[in-house]
file my_file_3.txt (compact mmCIF, C-alpha atoms)
# COMPACT_ATOMS: atom_id res chain seq x y z
CA MET A 80 0.92 -13.64 -0.95
CA VAL A 81 -1.78 -12.19 -3.22
CA ALA A 82 -3.12 -8.64 -2.94
CA TRP A 83 -5.35 -6.33 -4.93
CA ALA A 84 -3.45 -3.41 -6.50
CA VAL A 85 -5.71 -0.35 -6.70
CA SER A 86 -4.41 2.04 -9.35
CA THR A 87 -7.23 4.36 -10.39
CA GLN A 88 -7.35 7.58 -8.41
CA PRO A 89 -11.10 7.84 -7.67
CA LEU A 90 -11.33 4.23 -6.46
CA LEU A 91 -8.14 4.51 -4.43
CA LYS A 92 -9.36 7.69 -2.73
CA LYS A 93 -12.64 5.98 -1.96
CA LEU A 94 -10.96 2.97 -0.35
CA LEU A 95 -8.44 5.09 1.57
CA THR A 96 -11.33 6.78 3.36
CA ASP A 97 -13.54 3.71 3.75
CA PRO A 98 -13.82 2.60 7.41
CA ARG A 99 -14.15 -0.96 6.11
CA VAL A 100 -10.49 -0.85 5.07
CA SER A 101 -7.92 -1.39 7.81
CA LYS A 102 -4.11 -1.29 8.10
CA ASP A 103 -3.96 -3.58 11.14
CA PRO A 104 -2.93 -7.13 10.19
CA ARG A 105 -3.39 -8.36 13.76
CA GLN A 106 -7.12 -7.73 13.53
CA HIS A 107 -7.94 -8.03 9.86
CA TRP A 108 -5.44 -10.09 7.83
CA PRO A 109 -5.99 -13.85 8.07
CA ALA A 110 -2.51 -14.62 6.70
CA TRP A 111 -0.96 -12.80 9.66
CA ILE A 112 -3.44 -14.06 12.23
CA ASN A 113 -2.84 -17.65 11.11
CA GLY A 114 0.95 -17.33 11.36
CA GLU A 115 1.58 -17.62 7.61
CA ILE A 116 3.86 -14.53 7.45
CA SER A 117 7.42 -15.28 8.52
CA PRO A 118 10.18 -12.80 9.48
CA GLU A 119 12.05 -13.79 6.30
CA TRP A 120 9.37 -12.26 4.05
CA PRO A 121 10.80 -9.10 2.37
CA LEU A 122 7.79 -7.04 3.46
CA PHE A 123 7.70 -8.40 7.01
CA THR A 124 8.75 -5.13 8.66
CA TRP A 125 6.05 -3.25 6.74
CA VAL A 126 3.29 -5.23 8.42
CA ALA A 127 4.93 -6.31 11.69
CA VAL A 128 5.47 -2.82 13.12
CA GLN A 129 3.10 -1.48 15.75
CA ASN A 130 2.68 2.22 15.07
CA MET A 131 0.25 4.54 13.35
CA PHE A 132 1.23 3.02 9.97
CA THR A 133 -0.46 -0.26 10.90
CA ALA A 134 -3.01 1.06 13.39
CA TYR A 135 -6.77 1.19 12.93
CA GLY A 136 -9.50 3.33 14.46
CA THR A 137 -8.90 4.73 17.95
CA ASP A 138 -5.38 3.26 18.13
CA HIS A 139 -4.44 5.19 15.01
CA ARG A 140 -5.80 8.46 16.40
CA ARG A 141 -3.94 7.93 19.67
CA LEU A 142 -0.59 7.28 17.99
CA ARG A 143 -0.95 9.99 15.34
CA THR A 144 -1.68 12.61 17.99
CA LEU A 145 1.63 11.86 19.71
CA VAL A 146 3.64 12.34 16.52
CA ALA A 147 1.70 15.30 15.12
CA LYS A 148 3.32 17.74 17.56
CA ALA A 149 6.62 17.34 15.69
CA PHE A 150 5.04 18.49 12.43
CA THR A 151 3.04 21.56 13.44
CA PRO A 152 3.21 24.48 10.96
CA ARG A 153 5.25 26.48 13.47
CA ARG A 154 7.81 23.74 14.08
CA ILE A 155 8.20 23.13 10.36
CA ALA A 156 8.63 26.86 9.70
CA ASP A 157 11.29 26.98 12.41
CA LEU A 158 13.31 24.43 10.41
CA ARG A 159 13.62 26.66 7.35
CA PRO A 160 16.84 28.48 8.34
CA ARG A 161 18.54 25.16 9.16
CA ILE A 162 17.46 23.62 5.84
CA GLU A 163 18.74 26.68 3.98
CA GLU A 164 22.05 26.36 5.82
CA MET A 165 22.35 22.66 4.94
CA THR A 166 21.52 23.42 1.33
CA ALA A 167 24.22 26.09 1.05
CA GLU A 168 26.82 23.75 2.57
CA LEU A 169 25.94 20.95 0.16
CA LEU A 170 26.06 23.27 -2.84
CA ASP A 171 29.55 24.39 -1.83
CA ARG A 172 30.60 20.76 -1.53
CA LEU A 173 29.14 19.95 -4.95
CA ALA A 174 30.98 22.91 -6.44
CA ALA A 175 34.26 21.56 -5.10
CA ASP A 176 33.57 17.92 -6.05
CA GLY A 177 32.33 18.82 -9.53
CA ALA A 178 35.04 21.32 -10.48
CA ASP A 179 36.47 21.04 -14.01
CA GLY A 180 33.52 18.97 -15.21
CA ARG A 181 33.98 16.06 -12.80
CA VAL A 182 30.85 13.94 -12.43
CA VAL A 183 28.92 14.15 -9.16
CA ASP A 184 26.07 11.97 -7.90
CA LEU A 185 23.20 14.34 -7.16
CA ARG A 186 21.20 11.68 -5.33
CA GLU A 187 24.02 10.77 -2.96
CA GLY A 188 25.51 14.25 -2.69
CA TYR A 189 22.37 16.39 -2.60
CA ALA A 190 18.99 14.62 -2.55
CA TYR A 191 19.95 12.28 0.29
CA PRO A 192 21.78 14.44 2.87
CA ILE A 193 19.13 17.13 3.38
CA PRO A 194 16.13 14.95 4.36
CA ILE A 195 18.05 12.48 6.51
CA GLN A 196 19.87 15.23 8.39
CA VAL A 197 16.63 17.14 9.01
CA ILE A 198 14.76 14.10 10.34
CA CYS A 199 17.71 13.01 12.48
CA GLU A 200 17.95 16.46 14.05
CA LEU A 201 14.21 16.38 14.79
CA PHE A 202 14.75 13.14 16.67
CA GLY A 203 17.96 14.17 18.38
CA ILE A 204 20.21 11.73 16.49
CA ASP A 205 23.34 13.84 16.42
CA ASP A 206 26.15 11.30 15.92
CA GLU A 207 27.17 10.40 12.38
CA PRO A 208 27.78 6.65 12.99
CA THR A 209 24.18 6.17 14.17
CA ARG A 210 22.85 8.12 11.19
CA LEU A 211 24.83 5.93 8.78
CA ARG A 212 23.65 2.73 10.47
CA LEU A 213 20.05 3.91 10.30
CA ARG A 214 20.38 4.86 6.67
CA ARG A 215 21.71 1.43 5.73
CA CYS A 216 18.81 -0.20 7.57
CA VAL A 217 16.19 2.01 5.93
CA ASP A 218 17.68 1.33 2.49
CA SER A 219 17.42 -2.38 3.23
CA ILE A 220 13.81 -2.11 4.46
CA PHE A 221 12.87 -0.51 1.13
CA HIS A 222 14.88 -3.20 -0.73
CA THR A 223 11.92 -5.44 -1.48
CA SER A 224 14.01 -8.02 -3.36
CA ALA A 225 16.19 -8.70 -0.32
CA ASP A 226 16.99 -12.31 0.49
CA PRO A 227 15.82 -13.81 3.81
CA GLU A 228 19.24 -13.35 5.43
CA GLU A 229 19.26 -9.61 4.70
CA VAL A 230 15.67 -9.20 5.90
CA THR A 231 16.27 -10.85 9.27
CA ALA A 232 19.64 -9.13 9.76
CA THR A 233 18.13 -5.71 9.04
CA TYR A 234 15.22 -6.36 11.38
CA GLY A 235 17.58 -7.13 14.23
CA GLU A 236 19.95 -4.26 13.47
CA VAL A 237 17.33 -1.54 13.24
CA TYR A 238 15.81 -2.48 16.60
CA ALA A 239 19.25 -2.56 18.17
CA ILE A 240 19.91 0.98 16.91
CA LEU A 241 16.56 2.32 18.07
CA GLY A 242 16.87 0.56 21.43
CA GLU A 243 20.23 2.27 21.96
CA LEU A 244 18.69 5.61 21.00
CA VAL A 245 15.83 5.24 23.48
CA GLU A 246 18.21 4.18 26.25
CA ARG A 247 20.50 7.15 25.55
CA LYS A 248 17.62 9.62 25.52
CA ARG A 249 16.25 8.26 28.77
CA ARG A 250 19.63 8.99 30.37
CA THR A 251 20.11 12.35 28.64
CA PRO A 252 16.80 13.90 27.51
CA GLY A 253 16.78 16.63 24.88
CA ASP A 254 14.42 18.95 23.03
CA ASP A 255 13.51 16.41 20.37
CA LEU A 256 10.70 14.07 19.38
CA THR A 257 12.42 10.98 20.76
CA THR A 258 12.46 12.52 24.23
CA GLY A 259 8.84 13.60 23.83
CA LEU A 260 7.73 10.07 22.98
CA ILE A 261 9.75 8.62 25.86
CA THR A 262 8.17 11.11 28.25
CA ALA A 263 4.68 10.14 27.09
CA ARG A 264 5.55 6.48 27.51
CA ASP A 265 7.17 6.79 30.94
CA GLU A 266 4.52 9.09 32.39
CA ASP A 267 1.40 7.27 31.17
CA GLY A 268 2.63 3.74 30.44
CA ASP A 269 0.91 1.41 28.00
CA SER A 270 -2.33 3.39 28.18
CA ARG A 271 -0.79 6.00 25.90
CA LEU A 272 2.22 4.35 24.26
CA SER A 273 3.64 0.87 24.71
CA GLU A 274 7.39 0.28 24.57
CA GLN A 275 6.98 -1.53 21.23
CA GLU A 276 4.88 1.31 19.82
CA LEU A 277 7.52 3.79 20.96
CA THR A 278 10.28 2.00 19.06
CA ASP A 279 8.13 1.33 16.00
CA THR A 280 6.98 4.96 15.86
CA LEU A 281 10.61 6.04 15.76
CA LEU A 282 11.24 3.58 12.95
CA LEU A 283 8.25 4.83 10.96
CA VAL A 284 8.93 8.54 11.15
CA ILE A 285 12.69 8.29 10.69
CA SER A 286 12.41 6.04 7.63
CA ALA A 287 9.36 7.62 5.99
CA GLY A 288 10.61 11.05 7.01
CA HIS A 289 13.55 10.98 4.65
CA GLU A 290 13.10 8.29 1.97
CA THR A 291 10.13 9.98 0.31
CA THR A 292 11.84 13.39 0.19
CA VAL A 293 15.02 11.86 -1.23
CA ASN A 294 12.97 10.45 -4.11
CA LEU A 295 11.02 13.69 -4.57
CA LEU A 296 14.25 15.65 -5.01
CA ASP A 297 15.82 12.94 -7.16
CA ASN A 298 12.81 12.69 -9.49
CA ALA A 299 12.32 16.46 -9.75
CA ILE A 300 15.97 17.05 -10.67
CA HIS A 301 15.87 14.23 -13.19
CA ALA A 302 12.61 15.49 -14.72
CA LEU A 303 13.93 19.03 -15.19
CA LEU A 304 17.25 17.85 -16.66
CA THR A 305 15.49 15.56 -19.14
CA HIS A 306 12.83 18.17 -19.98
CA PRO A 307 14.74 21.44 -20.39
CA GLU A 308 11.67 23.13 -21.86
CA GLN A 309 9.93 22.61 -18.52
CA LEU A 310 12.83 24.19 -16.65
CA GLU A 311 12.58 27.12 -19.03
CA HIS A 312 8.92 27.57 -18.10
CA VAL A 313 10.04 28.06 -14.50
CA ARG A 314 12.91 30.38 -15.37
CA ALA A 315 10.63 32.47 -17.56
CA GLY A 316 7.97 32.74 -14.87
CA ARG A 317 5.37 30.69 -16.71
CA ALA A 318 5.39 28.13 -13.88
CA SER A 319 6.51 28.09 -10.27
CA TRP A 320 8.68 25.76 -8.23
CA ASP A 321 5.49 24.62 -6.52
CA ASP A 322 4.29 23.52 -9.96
CA VAL A 323 7.50 21.51 -10.37
CA ILE A 324 7.02 19.84 -6.99
CA GLU A 325 3.37 18.92 -7.51
CA GLU A 326 3.89 17.68 -11.06
CA THR A 327 6.82 15.56 -9.91
CA LEU A 328 4.70 14.10 -7.12
CA ARG A 329 1.99 13.33 -9.66
CA VAL A 330 4.02 11.77 -12.45
CA GLN A 331 6.74 10.13 -10.31
CA ALA A 332 5.33 9.46 -6.86
CA PRO A 333 8.19 8.94 -4.36
CA VAL A 334 6.38 5.86 -3.04
CA ALA A 335 5.15 3.82 -5.96
CA ASN A 336 3.19 1.17 -4.05
CA LEU A 337 2.43 0.95 -0.36
CA PRO A 338 1.55 -2.29 1.45
CA LEU A 339 -0.80 -3.24 3.01
CA ARG A 340 -4.46 -2.62 3.78
CA TYR A 341 -7.15 -5.20 4.48
CA ALA A 342 -10.86 -5.48 3.86
CA VAL A 343 -12.63 -5.57 7.23
CA GLU A 344 -15.73 -6.99 5.55
CA ASP A 345 -16.86 -7.74 2.00
CA ILE A 346 -16.75 -4.55 -0.07
CA GLU A 347 -18.75 -4.40 -3.30
CA LEU A 348 -17.28 -2.24 -6.04
CA GLU A 349 -18.63 -1.11 -9.39
CA GLY A 350 -18.75 -3.73 -12.10
CA GLY A 351 -19.60 -6.54 -9.72
CA LEU A 352 -16.10 -6.79 -8.24
CA VAL A 353 -16.01 -7.71 -4.55
CA LEU A 354 -13.12 -7.30 -2.13
CA ARG A 355 -13.62 -10.19 0.24
CA LYS A 356 -13.18 -9.87 3.99
CA GLY A 357 -9.48 -10.30 4.79
CA ASP A 358 -8.26 -9.53 1.26
CA ALA A 359 -4.98 -7.59 1.18
CA ILE A 360 -4.78 -4.32 -0.76
CA VAL A 361 -1.80 -2.42 -2.20
CA ALA A 362 -2.19 1.32 -2.75
CA ALA A 363 -0.60 1.96 -6.17
CA TYR A 364 0.16 5.66 -5.73
CA ALA A 365 2.42 6.01 -8.77
CA ALA A 366 -0.17 4.53 -11.11
CA ALA A 367 -2.94 6.67 -9.58
CA GLY A 368 -0.95 9.83 -10.37
CA ARG A 369 -0.93 8.81 -14.02
CA ASP A 370 -4.60 7.86 -14.18
CA PRO A 371 -5.62 8.68 -17.79
CA GLU A 372 -9.28 8.96 -16.81
CA LEU A 373 -8.33 11.93 -14.64
CA HIS A 374 -5.34 13.43 -16.45
CA GLY A 375 -6.03 12.46 -20.07
CA PRO A 376 -4.00 10.49 -22.60
CA ASP A 377 -0.83 12.46 -21.78
CA ALA A 378 -1.03 11.57 -18.08
CA HIS A 379 2.48 10.06 -18.28
CA VAL A 380 4.00 13.34 -19.53
CA PHE A 381 5.83 15.70 -17.15
CA ASP A 382 4.26 19.12 -17.74
CA VAL A 383 4.64 21.84 -15.11
CA THR A 384 2.00 23.96 -16.86
CA ARG A 385 -0.61 21.22 -16.47
CA ARG A 386 -3.68 22.77 -14.85
CA LEU A 387 -4.79 19.74 -12.84
CA LYS A 388 -2.00 18.06 -10.88
CA ASP A 389 -4.07 15.98 -8.46
CA HIS A 390 -2.14 13.08 -6.93
CA LEU A 391 -2.08 10.80 -3.91
CA ALA A 392 1.69 10.80 -3.40
CA PHE A 393 1.31 11.56 0.31
CA GLY A 394 -1.68 9.29 0.77
CA HIS A 395 -5.23 10.31 1.54
CA GLY A 396 -7.64 10.25 4.45
CA VAL A 397 -6.67 9.58 8.08
CA HIS A 398 -3.29 8.15 7.05
CA PHE A 399 -2.28 11.23 5.03
CA CYS A 400 1.45 11.81 5.57
CA LEU A 401 2.14 14.11 8.53
CA GLY A 402 5.49 15.08 7.00
CA ALA A 403 4.07 16.29 3.67
CA PRO A 404 4.49 20.02 4.49
CA LEU A 405 8.09 19.40 5.57
CA ALA A 406 8.88 17.46 2.38
CA ARG A 407 7.38 20.20 0.24
CA MET A 408 9.37 22.87 2.09
CA GLU A 409 12.63 20.96 1.72
CA ALA A 410 12.00 20.64 -2.02
CA ALA A 411 10.96 24.30 -2.33
CA ILE A 412 14.32 25.30 -0.83
CA ALA A 413 16.63 22.72 -2.41
CA LEU A 414 15.41 22.72 -6.03
CA PRO A 415 15.66 26.44 -6.90
CA ALA A 416 18.93 26.71 -4.99
CA LEU A 417 20.47 23.91 -7.06
CA PHE A 418 19.44 25.25 -10.45
CA GLU A 419 20.30 28.84 -9.58
CA ARG A 420 23.77 27.87 -8.36
CA PHE A 421 24.49 25.61 -11.34
CA PRO A 422 22.64 26.89 -14.43
CA GLY A 423 24.74 24.62 -16.65
CA LEU A 424 23.72 21.45 -14.79
CA THR A 425 23.45 18.42 -17.08
CA LEU A 426 22.94 14.69 -16.67
CA ALA A 427 26.06 12.60 -17.18
CA ALA A 428 24.18 9.44 -18.19
CA GLY A 429 21.56 8.52 -20.75
CA PRO A 430 18.31 6.70 -19.96
CA GLU A 431 20.02 3.33 -20.22
CA GLY A 432 22.63 4.40 -17.65
CA LEU A 433 20.11 5.27 -14.93
CA LYS A 434 18.88 2.35 -12.85
CA PRO A 435 15.85 2.43 -10.54
CA VAL A 436 16.22 1.56 -6.89
CA ASP A 437 15.58 -2.13 -6.29
CA SER A 438 12.14 -1.74 -4.76
CA PHE A 439 8.51 -1.87 -5.72
CA ILE A 440 7.80 0.59 -2.89
CA SER A 441 10.44 3.29 -3.25
CA ASN A 442 10.53 5.12 -6.59
CA GLY A 443 13.84 6.77 -7.44
CA HIS A 444 17.24 6.21 -9.02
CA ARG A 445 20.19 4.32 -7.57
CA ALA A 446 22.37 7.21 -8.66
CA LEU A 447 21.89 10.51 -10.50
CA PRO A 448 25.23 11.37 -12.14
CA ALA A 449 25.59 14.90 -13.42
CA THR A 450 28.09 17.60 -14.32
CA ILE A 451 27.56 20.94 -12.66
CA THR A 452 29.90 22.94 -14.89
CA PRO A 453 30.89 22.48 -18.52
CA PRO A 454 34.21 20.58 -18.80
CA ARG A 455 37.19 22.70 -19.83
CA ASP A 456 38.71 22.19 -23.25
call {"tool": "encode", "arguments": {"input": "my_file_3.txt", "output": "structure tokens"}}
result
Amino acid sequence: MVAWAVSTQPLLKKLLTDPRVSKDPRQHWPAWINGEISPEWPLFTWVAVQNMFTAYGTDHRRLRTLVAKAFTPRRIADLRPRIEEMTAELLDRLAADGADGRVVDLREGYAYPIPIQVICELFGIDDEPTRLRLRRCVDSIFHTSADPEEVTATYGEVYAILGELVERKRRTPGDDLTTGLITARDEDGDSRLSEQELTDTLLLVISAGHETTVNLLDNAIHALLTHPEQLEHVRAGRASWDDVIEETLRVQAPVANLPLRYAVEDIELEGGLVLRKGDAIVAAYAAAGRDPELHGPDAHVFDVTRRLKDHLAFGHGVHFCLGAPLARMEAAIALPALFERFPGLTLAAGPEGLKPVDSFISNGHRALPATITPPRD
């Protein structure tokens, strides 16, 4: 499968707001319409789902409205005490696990638990086995080098989990988004939300609702530990934690590339280039954040004092991420708490010892080993 990768920020912003660009393969991607995309394709789930991620026009507005109520400013603000509580508990656990200079994995032990627990509580997923099963499935969905057996197995498993969740919530409703979506479905039927859209909306928000924040925390921690002068800017008051968050989003976007969009008709671009009707498009968010035409020759450099930190890490236009304020709040709580609790925090691996996650979509590390206290003599 061939797609255009759009990596310059002005052009990407233009296409992300162009009504001639769609995310619905059922209407606008010939490869899908003609049956050329099989369930064994590693990106199959990314285009097969029926939710606001792949919706176009009025369908997108309908589906986004249903989910938006979970991410109102008031509801997000109400989550702050719970996130602070989670953060304190994890810091205590890290202190115990990392005593006497023992190495801890900050991705597994800190960056991961906060976002996935927050999103699961929003959706009323309160049992640990289901959370672990969902996490394994989401990791596999982002594993874009997966073999066909893993792809098909994950596809079946994730729908089994979500089907069980919907069935359980129908029997025992709660004050959560899953119940809200079920209520909309059962009261209004397909006119408002089909059964497939219900399940796929759960998949979208649960997966996107934690993976991006995991990578944001991971990349911010890594950037500060490998650029101690930047951490000193924050500690000295020359930059804020918001500066850290936005510069991390710019220079290391949590989602590097996002598939797919499709040209609804021929689109002429500058320089005589034409996106032909039906052409697939990949939004290269990580590259756009480092656009040298916008950020200069040092666009690849992590600098919290940088005046202009424009990025597209949460998308742009009608598909802008609903969970962006929640992700920013989680980072604004977790990052200062970590560095205040452990001022001697250091990485326990060099650049060659840190491996990226096996994905061209997700942008983070497989592990982030660190010592939280200096080892005793």
call {"tool": "residues_around", "arguments": {"input": "my_file_3.txt", "residues": "A:Ala127", "least_positions_apart": "4", "cutoff": "10 Å", "atoms": "all atoms listed in the file", "output": "compact mmCIF listing (two decimals) with C-alpha atoms, keeping the file's coordinate frame"}}
result
# COMPACT_ATOMS: atom_id res chain seq x y z
CA ASP A 103 -3.96 -3.58 11.14
CA PRO A 104 -2.93 -7.13 10.19
CA ARG A 105 -3.39 -8.36 13.76
CA TRP A 111 -0.96 -12.80 9.66
CA ILE A 116 3.86 -14.53 7.45
CA SER A 117 7.42 -15.28 8.52
CA PRO A 118 10.18 -12.80 9.48
CA LEU A 122 7.79 -7.04 3.46
CA PHE A 123 7.70 -8.40 7.01
CA THR A 133 -0.46 -0.26 10.90
CA ASP A 279 8.13 1.33 16.00
call {"tool": "atom_distance", "arguments": {"input": "my_file_3.txt", "atom1": "atom CA of A:Ala403", "atom2": "atom CA of A:Thr209"}}
result
24.8 Å
call {"tool": "axis_aligned_box", "arguments": {"input": "my_file_3.txt", "around": "stretch 408-414 of chain A", "padding_each_side": "5 Å", "output": "lines of an AutoDock Vina configuration file"}}
result
center_x = 13.0
center_y = 23.0
center_z = -2.0
size_x = 17.3
size_y = 14.7
size_z = 18.1
call {"tool": "residues_around", "arguments": {"input": "my_file_3.txt", "residues": "A:Thr257", "least_positions_apart": "5", "cutoff": "9 Å", "atoms": "all atoms listed in the file", "output": "PDB file with C-alpha atoms, in the coordinates of the input"}}
result
ATOM      1  CA  LEU A 201      14.210  16.380  14.790  1.00  0.00           C
ATOM      2  CA  PHE A 202      14.750  13.140  16.670  1.00  0.00           C
ATOM      3  CA  GLY A 203      17.960  14.170  18.380  1.00  0.00           C
ATOM      4  CA  ILE A 204      20.210  11.730  16.490  1.00  0.00           C
ATOM      5  CA  LEU A 244      18.690   5.610  21.000  1.00  0.00           C
ATOM      6  CA  VAL A 245      15.830   5.240  23.480  1.00  0.00           C
ATOM      7  CA  LYS A 248      17.620   9.620  25.520  1.00  0.00           C
ATOM      8  CA  PRO A 252      16.800  13.900  27.510  1.00  0.00           C
ATOM      9  CA  THR A 262       8.170  11.110  28.250  1.00  0.00           C
ATOM     10  CA  LEU A 277       7.520   3.790  20.960  1.00  0.00           C
ATOM     11  CA  LEU A 281      10.610   6.040  15.760  1.00  0.00           C
TER      12      LEU A 281
END
call {"tool": "atom_distance", "arguments": {"input": "my_file_3.txt", "atom1": "atom CA of A:Pro448", "atom2": "atom CA of A:Ala410"}}
result
19.1 Å
call {"tool": "atom_distance", "arguments": {"input": "my_file_3.txt", "atom1": "atom CA of A:Glu246", "atom2": "atom CA of A:Thr144"}}
result
23.1 Å
